[in-house]
Each structure stands twice: as C-alpha cells, then as structure tokens.
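*Asks:* Here it is, the structure in full.
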Amino acid sequence: STKPLHGRVAVVTGASSGIGEASAEHLASLGAKVAVLARRAERLDDLVARVAKSGGTAVAVAVDVTDAAAVQAAADRVQAELGGADLLFNNAGVMLPGPVEELRADQWQRQIDLNISGLMNVIGAFTPQLVRAAGERGVADLINTSSSAAQNLYPTFAVYAATKAFVSHLSKHLRVELGTKKVRVSAIEPGIVGTELQSHVTDEGASAWLEGSKESIDWLRSEDIAQTVGFIAALPLRVNLPQVFIMPTAQP
Ligand code: NDP
C-alpha cells in the first residue's frame, strides 16, 4: 500500500466526539490501524463501523482515562490485539471556565483529573509501547492536545489554561527525553474548534462569550486538527514538529 501511515498502530483518546473522532477517522484513512478510547461505548462502536465500511481497521476500547488501572488494561488490549501502539494521540479533555471567585472546586478538580492526571495515566500506560515501537520499527509519535489557552490569556479560563500549560510544558520536556529514543513528541495548541467541548460549559458569562464569538470568528473544525495530526505523523522520521499553534484566522 502507498498510504502514508500503512503499518502504523494509533491510539486516540477522546475518540467518541470532536477532534478525537475526526482524527481517528483520518488516521485510519491514511492507513493506520486505530484503537479508539473514550467512555461512551456506543459512539465508539459507530466510529469503528464507519472506519470498517471505508476499508480501515479500528478497535473500540471503552475506558475512563482517569482510572489508571483501566487505562493499563486498555493498553494491554491494544498490545494483544494490534501489536502495540506507535502513535498516541493523547486528546481527551474537558473545559469548564468560570470566575475563580465562584469557587467551583468541583469543576477545577474535573479539569485537573482529566486534563492532567488522565493524560498522565495514558502516557504511563502507552509510553513503553511507543519506546518499543521506536526501537523495533524506528518510528513512534506522542501527540498531546494542549490549547491556545496554554499561551494566550482568556479571563475566567485560568484553571483550564493552567492544565493546558502543563500539557505544553510536559510535552517539551518529554521531547528531549524521548527524542533520543526516536519517539517524536508534539503538542497541538488550537484556538476555538466547534465540538462538544463548549456544551459542557455551565458558566453563563463564558458560554455567552463563546457563542458571541461565532459572529466574528469562523471557528476551526475538528477536521482541521485531524489534518494536523496526520501531517505530524506522516513527516519523515528525522523531522519532529514539537508545537503547533493553530488558530481560527479571525481569533485574536
Ligand atoms: P469533545 O468534548 O467533543 O471531546 C472530548 C472527548 O474526551 C470525548 O470523546 C469524551 O468522550 C472524552 N472524554 C471525556 N472525559 C473522558 C474520560 N474521563 N475518559 C475518557 N475519555 C473522556 O471536545 P474536543 O474534541 O474539542 O476536545 C478534545 C481536546 O481538544 C480536549 O483536550 C480539549 O481540551 C482540546 N481543545 C479543544 C478546543 C476547542 O475549542 N474545542 C480548543 C483547544 C483544545 P466520552 O464523554 O465518551 O468519554
């Protein structure tokens, strides 16, 4: 086959909607076998069926990535069924903005649990597979979804932005650590992408700001990020794109 990702085994977290779903489909269309992870099993099954219908291979693994033991079991399944991952798109995340004075410790914790601890659970469970693949096949990619919020200042998004600053800084450090083992590490930092992410926002001010921005900004689409993920993974092995800051043209 001449497909650019033929022979690759990809794992995508947050694959039941938005950026993860579009990326899983795109990676499969580029020839990778894809394990799709998220909590909603039905959505994953639909995705797997769609991939199969277009001639690709996907496996659904329903898992809550905040549960470290469950993530390890998922990694063991990927090893057994697909032969170990050489591409990890570590993408599951949640955004719950709100004024800090409202003291929504529950929402702070949900963001920290998923965007930081969940992300680390996935890195912990799959890094051995990536390192092994890099050693044996000469290629592996760890691509983390950060956010433009890791760089820009958005009032009331402090905790979310801080979790994403963690992702971006972690990625830089892991790159120098794993690059010597031929594992490429990247962080993608998107501006606003139209997905289910906005639907979880409970703060009225933040919701109104997001909704209102649609009038002046043509939001990114999940497909735009999926193309970026595919581009990073298909680069020649000597090339690592550490950081991709990708914005809607009209978003400041
Ligand atoms: P969505 O809400 O559409 O997707 C989030 C995904 O994460 C879903 O598949 C969801 O599936 C999954 N998920 C949530 N909680 C868990 C959990 N505990 N365990 C496993 N999976 C979980 O949003 P996006 O596609 O927009 O978000 C993807 C990433 O992109 C996030 O990290 C987000 O922060 C980041 N991002 C998004 C931007 C945007 O404007 N949309 C901008 C910048 C970054 P399920 O509920 O089935 O578990």
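Just so we're on the same page: first chain in the structure tokens is A, next is B, and so on; residues restart at 1 for each chain, and ligands are numbered from 1 in the order they show up.
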Residues within 8 Å of ligand 1, counting only C-alpha atoms and all ligand atoms: report them as a PyMOL selection string.
*Replies:* chain A and resi 13-21+37-41+43-44+62-67+90-95+114-115+118+145-149+160+164+188-200+220+222
*Asks:* Keeping only N, CA and C atoms, write those residues as a short mmCIF file (atom, residue, chain, number, x, y, z; two decimals), in the first residue's frame.
*Replies:*
data_model
loop_
_atom_site.label_atom_id
_atom_site.label_comp_id
_atom_site.auth_asym_id
_atom_site.auth_seq_id
_atom_site.Cartn_x
_atom_site.Cartn_y
_atom_site.Cartn_z
N THR A 13 -7.31 8.98 22.20
CA THR A 13 -8.22 9.15 23.35
C THR A 13 -9.16 10.32 23.07
N GLY A 14 -10.34 10.26 23.69
CA GLY A 14 -11.37 11.26 23.40
C GLY A 14 -11.89 11.08 21.99
N ALA A 15 -11.99 9.81 21.58
CA ALA A 15 -12.33 9.50 20.19
C ALA A 15 -13.83 9.40 19.93
N SER A 16 -14.65 9.62 20.97
CA SER A 16 -16.10 9.48 20.76
C SER A 16 -16.74 10.76 20.23
N SER A 17 -15.98 11.86 20.15
CA SER A 17 -16.55 13.08 19.58
C SER A 17 -15.45 14.05 19.18
N GLY A 18 -15.84 15.09 18.48
CA GLY A 18 -14.96 16.21 18.19
C GLY A 18 -13.64 15.86 17.54
N ILE A 19 -12.58 16.46 18.07
CA ILE A 19 -11.24 16.35 17.49
C ILE A 19 -10.76 14.91 17.45
N GLY A 20 -10.99 14.17 18.52
CA GLY A 20 -10.52 12.78 18.58
C GLY A 20 -11.21 11.90 17.55
N GLU A 21 -12.51 12.07 17.44
CA GLU A 21 -13.28 11.27 16.48
C GLU A 21 -12.80 11.55 15.05
N LEU A 37 -10.43 5.27 22.09
CA LEU A 37 -10.72 5.25 23.53
C LEU A 37 -11.58 6.44 23.94
N ALA A 38 -12.57 6.17 24.78
CA ALA A 38 -13.44 7.16 25.40
C ALA A 38 -14.39 6.37 26.29
N ARG A 39 -15.29 7.07 26.99
CA ARG A 39 -16.22 6.35 27.86
C ARG A 39 -17.45 5.84 27.12
N ARG A 40 -17.97 6.60 26.15
CA ARG A 40 -19.24 6.22 25.50
C ARG A 40 -19.03 5.14 24.44
N ALA A 41 -19.32 3.90 24.87
CA ALA A 41 -19.05 2.74 24.01
C ALA A 41 -19.84 2.77 22.70
N ARG A 43 -20.88 5.29 20.91
CA ARG A 43 -20.27 6.23 19.95
C ARG A 43 -19.02 5.63 19.33
N LEU A 44 -18.25 4.91 20.14
CA LEU A 44 -17.04 4.27 19.63
C LEU A 44 -17.39 3.17 18.63
N ALA A 62 -13.68 0.98 25.39
CA ALA A 62 -14.39 1.90 26.29
C ALA A 62 -13.62 2.00 27.60
N VAL A 63 -13.20 3.20 27.94
CA VAL A 63 -12.39 3.36 29.15
C VAL A 63 -12.50 4.79 29.66
N ASP A 64 -12.49 4.92 30.99
CA ASP A 64 -12.39 6.24 31.62
C ASP A 64 -10.90 6.46 31.89
N VAL A 65 -10.32 7.44 31.22
CA VAL A 65 -8.86 7.59 31.34
C VAL A 65 -8.41 8.13 32.70
N THR A 66 -9.36 8.55 33.55
CA THR A 66 -8.96 8.96 34.90
C THR A 66 -8.73 7.74 35.81
N ASP A 67 -9.05 6.55 35.32
CA ASP A 67 -8.87 5.30 36.06
C ASP A 67 -7.60 4.62 35.55
N ASN A 90 -3.04 11.77 22.41
CA ASN A 90 -3.50 11.88 23.80
C ASN A 90 -4.35 13.14 23.89
N ASN A 91 -5.65 12.99 23.72
CA ASN A 91 -6.50 14.12 23.35
C ASN A 91 -7.70 14.36 24.25
N ALA A 92 -8.11 13.37 25.05
CA ALA A 92 -9.31 13.57 25.89
C ALA A 92 -9.11 14.77 26.80
N GLY A 93 -10.12 15.60 26.92
CA GLY A 93 -10.01 16.76 27.79
C GLY A 93 -11.36 17.41 28.01
N VAL A 94 -11.41 18.28 29.03
CA VAL A 94 -12.65 18.99 29.35
C VAL A 94 -12.32 20.44 29.71
N MET A 95 -13.22 21.36 29.30
CA MET A 95 -13.00 22.80 29.54
C MET A 95 -14.19 23.36 30.30
N LEU A 114 -8.86 15.07 34.55
CA LEU A 114 -8.83 14.57 33.17
C LEU A 114 -7.64 15.13 32.39
N ASN A 115 -7.50 16.47 32.39
CA ASN A 115 -6.51 17.09 31.50
C ASN A 115 -5.07 16.85 31.96
N GLY A 118 -5.46 12.26 33.90
CA GLY A 118 -5.88 11.31 32.85
C GLY A 118 -4.84 11.25 31.74
N THR A 145 -2.87 16.84 23.01
CA THR A 145 -3.70 18.01 22.72
C THR A 145 -3.62 18.99 23.87
N SER A 146 -2.97 20.13 23.59
CA SER A 146 -2.95 21.23 24.52
C SER A 146 -4.02 22.22 24.07
N SER A 147 -3.74 23.51 24.13
CA SER A 147 -4.71 24.53 23.72
C SER A 147 -3.97 25.85 23.53
N SER A 148 -4.55 26.73 22.74
CA SER A 148 -4.01 28.08 22.65
C SER A 148 -4.05 28.75 24.03
N ALA A 149 -4.92 28.21 24.90
CA ALA A 149 -5.01 28.75 26.27
C ALA A 149 -3.72 28.52 27.05
N TYR A 160 -8.42 25.86 33.44
CA TYR A 160 -8.28 25.14 32.17
C TYR A 160 -6.95 25.48 31.51
N LYS A 164 -3.61 23.13 30.54
CA LYS A 164 -3.04 23.02 29.20
C LYS A 164 -1.59 23.51 29.17
N ILE A 188 -0.24 20.01 20.26
CA ILE A 188 -1.07 20.82 19.37
C ILE A 188 -1.86 21.79 20.24
N GLU A 189 -1.80 23.08 19.88
CA GLU A 189 -2.43 24.13 20.68
C GLU A 189 -3.46 24.88 19.84
N PRO A 190 -4.68 24.38 19.78
CA PRO A 190 -5.69 25.02 18.93
C PRO A 190 -6.43 26.15 19.63
N GLY A 191 -6.84 27.13 18.82
CA GLY A 191 -7.85 28.09 19.24
C GLY A 191 -9.21 27.40 19.19
N ILE A 192 -10.27 28.17 19.10
CA ILE A 192 -11.60 27.57 19.22
C ILE A 192 -11.94 26.62 18.06
N VAL A 193 -12.34 25.41 18.43
CA VAL A 193 -12.78 24.40 17.48
C VAL A 193 -14.22 24.05 17.85
N GLY A 194 -15.11 24.04 16.91
CA GLY A 194 -16.51 23.71 17.20
C GLY A 194 -16.68 22.22 17.47
N THR A 195 -16.92 21.85 18.74
CA THR A 195 -17.08 20.44 19.14
C THR A 195 -18.09 20.38 20.29
N GLU A 196 -18.15 19.25 20.97
CA GLU A 196 -18.99 19.15 22.17
C GLU A 196 -18.38 19.87 23.37
N LEU A 197 -17.11 20.29 23.22
CA LEU A 197 -16.39 20.90 24.36
C LEU A 197 -17.19 22.05 24.97
N GLN A 198 -17.74 22.91 24.11
CA GLN A 198 -18.45 24.10 24.58
C GLN A 198 -19.75 23.74 25.30
N SER A 199 -20.32 22.56 24.97
CA SER A 199 -21.63 22.20 25.53
C SER A 199 -21.56 21.86 27.02
N HIS A 200 -20.34 21.60 27.51
CA HIS A 200 -20.19 21.25 28.93
C HIS A 200 -20.01 22.48 29.83
N LEU A 220 -12.53 26.96 13.98
CA LEU A 220 -11.90 25.78 13.38
C LEU A 220 -12.88 24.61 13.45
N SER A 222 -13.12 20.21 13.62
CA SER A 222 -12.34 19.05 14.07
C SER A 222 -11.45 18.53 12.97
#
*Asks:* Given only C-alpha atoms, how would the per-residue table for stretch 79-119 of chain A near stretch 124-141 of chain A read, listing every residue at most 7 Å away with its closest atom pair and distance in Å to one decimal, sorted by chain and number, as a Markdown table?
*Replies:*
| residue | atom | partner | partner_atom | distance |
| --- | --- | --- | --- | --- |
| A:Gly84 | CA | A:Gln129 | CA | 5.5 |
| A:Ala85 | CA | A:Gln129 | CA | 5.6 |
| A:Asp86 | CA | A:Ala140 | CA | 4.4 |
| A:Leu87 | CA | A:Asp141 | CA | 4.6 |
| A:Leu88 | CA | A:Asp141 | CA | 6.1 |
*Asks:* Would you save the residues of that selection, restricted to C-alpha atoms, as a JSON list (two decimals), in the first residue's frame?
*Replies:*
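Once written, again-v4.json looks like this:
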[["chain", "number", "residue", "atom", "x", "y", "z"],
["A", 84, "GLY", "CA", 1.37, -2.25, 20.40],
["A", 85, "ALA", "CA", 0.96, 1.43, 19.59],
["A", 86, "ASP", "CA", 3.48, 3.55, 17.67],
["A", 87, "LEU", "CA", 1.23, 6.63, 17.57],
["A", 88, "LEU", "CA", -0.55, 8.03, 20.60]]
*Asks:* Name the residues of stretch 40-246 of chain A that fall into alpha helix (DSSP H) according to DSSP on the backbone, using the chain letters and numbers of this document, as a ChimeraX atom specification.
*Replies:* /A:41-53,68-82,105-111,119-137,158-178,204-213,222-234
*Asks:* If you run DSSP on the backbone here, which positions in stretch 136-233 of chain A get strand (DSSP E)? Please write them as an MDAnalysis selection string.
*Replies:* chainID A and resid 140:145 183:190
*Asks:* For the residues in the current selection, export N, CA and C atoms as a PDB file, in the first residue's frame.
*Replies:*
ATOM      1  N   ALA A 140       7.856   6.393  16.250  1.00  0.00           N
ATOM      2  CA  ALA A 140       6.744   6.489  17.193  1.00  0.00           C
ATOM      3  C   ALA A 140       6.436   7.962  17.431  1.00  0.00           C
ATOM      4  N   ASP A 141       5.165   8.239  17.631  1.00  0.00           N
ATOM      5  CA  ASP A 141       4.720   9.609  17.878  1.00  0.00           C
ATOM      6  C   ASP A 141       3.865   9.678  19.124  1.00  0.00           C
ATOM      7  N   LEU A 142       4.179  10.654  19.962  1.00  0.00           N
ATOM      8  CA  LEU A 142       3.312  11.013  21.086  1.00  0.00           C
ATOM      9  C   LEU A 142       2.821  12.430  20.808  1.00  0.00           C
ATOM     10  N   ILE A 143       1.526  12.556  20.537  1.00  0.00           N
ATOM     11  CA  ILE A 143       0.949  13.861  20.209  1.00  0.00           C
ATOM     12  C   ILE A 143      -0.084  14.195  21.282  1.00  0.00           C
ATOM     13  N   ASN A 144       0.170  15.260  22.027  1.00  0.00           N
ATOM     14  CA  ASN A 144      -0.745  15.667  23.099  1.00  0.00           C
ATOM     15  C   ASN A 144      -1.585  16.852  22.644  1.00  0.00           C
ATOM     16  N   THR A 145      -2.868  16.844  23.006  1.00  0.00           N
ATOM     17  CA  THR A 145      -3.703  18.006  22.721  1.00  0.00           C
ATOM     18  C   THR A 145      -3.617  18.992  23.869  1.00  0.00           C
ATOM     19  N   VAL A 183      11.330   8.573  19.723  1.00  0.00           N
ATOM     20  CA  VAL A 183       9.912   8.886  19.897  1.00  0.00           C
ATOM     21  C   VAL A 183       9.750  10.396  19.707  1.00  0.00           C
ATOM     22  N   ARG A 184       8.977  10.776  18.710  1.00  0.00           N
ATOM     23  CA  ARG A 184       8.723  12.202  18.471  1.00  0.00           C
ATOM     24  C   ARG A 184       7.593  12.662  19.391  1.00  0.00           C
ATOM     25  N   VAL A 185       7.743  13.836  19.969  1.00  0.00           N
ATOM     26  CA  VAL A 185       6.700  14.363  20.861  1.00  0.00           C
ATOM     27  C   VAL A 185       6.244  15.726  20.350  1.00  0.00           C
ATOM     28  N   SER A 186       4.924  15.894  20.295  1.00  0.00           N
ATOM     29  CA  SER A 186       4.330  17.140  19.804  1.00  0.00           C
ATOM     30  C   SER A 186       3.197  17.580  20.718  1.00  0.00           C
ATOM     31  N   ALA A 187       2.990  18.879  20.782  1.00  0.00           N
ATOM     32  CA  ALA A 187       1.793  19.430  21.429  1.00  0.00           C
ATOM     33  C   ALA A 187       1.055  20.268  20.393  1.00  0.00           C
ATOM     34  N   ILE A 188      -0.238  20.010  20.259  1.00  0.00           N
ATOM     35  CA  ILE A 188      -1.068  20.822  19.372  1.00  0.00           C
ATOM     36  C   ILE A 188      -1.863  21.791  20.242  1.00  0.00           C
ATOM     37  N   GLU A 189      -1.796  23.084  19.877  1.00  0.00           N
ATOM     38  CA  GLU A 189      -2.426  24.132  20.681  1.00  0.00           C
ATOM     39  C   GLU A 189      -3.456  24.877  19.836  1.00  0.00           C
ATOM     40  N   PRO A 190      -4.682  24.378  19.783  1.00  0.00           N
ATOM     41  CA  PRO A 190      -5.686  25.022  18.930  1.00  0.00           C
ATOM     42  C   PRO A 190      -6.431  26.153  19.631  1.00  0.00           C
TER      43      PRO A 190
END
*Asks:* So, with only C-alpha atoms as the atoms that count, which of A:Val11, A:Ala206, A:Ile116, A:Glu177 lies closest to A:Arg77?
*Replies:*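 Of A:Val11, A:Ala206, A:Ile116, A:Glu177, the one nearest A:Arg77 is A:Val11, counting only C-alpha atoms.
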*Asks:* Just the number, please: distance in Å from atom CA of A:Val167 to atom CA of A:Arg104, one decimal.
*Replies:*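 So the two atoms, atom CA of A:Val167 and atom CA of A:Arg104, lie 22.0 Å apart.
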*Asks:* Would you mind listing what lies within 12 Å of stretch 49-53 of chain A as a ChimeraX atom specification, with only C-alpha atoms counted and same-chain residues fewer than 6 positions away left out?
*Replies:* /A:21-36,42-43,59-60
*Asks:* To one decimal in Å, tell me the separation between atom CA of A:Asp113 and atom CA of A:Glu81.
*Replies:*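 So the two atoms, atom CA of A:Asp113 and atom CA of A:Glu81, lie 28.3 Å apart.
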*Asks:* Point out the residue among A:Gln227, A:Ser213, A:Thr156, A:Thr249 with the least atom-to-atom distance to A:Pro99, counting only C-alpha atoms.
*Replies:*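 Under the stated criterion, the closest residue is A:Thr156.
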*Asks:* Which of these, A:Asp45, A:Val122, A:Gly56, A:Arg221, has the shortest distance to A:Ala70 once you count only C-alpha atoms?
*Replies:*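 When distances to A:Ala70 are compared using only C-alpha atoms, the smallest one comes from A:Val122.
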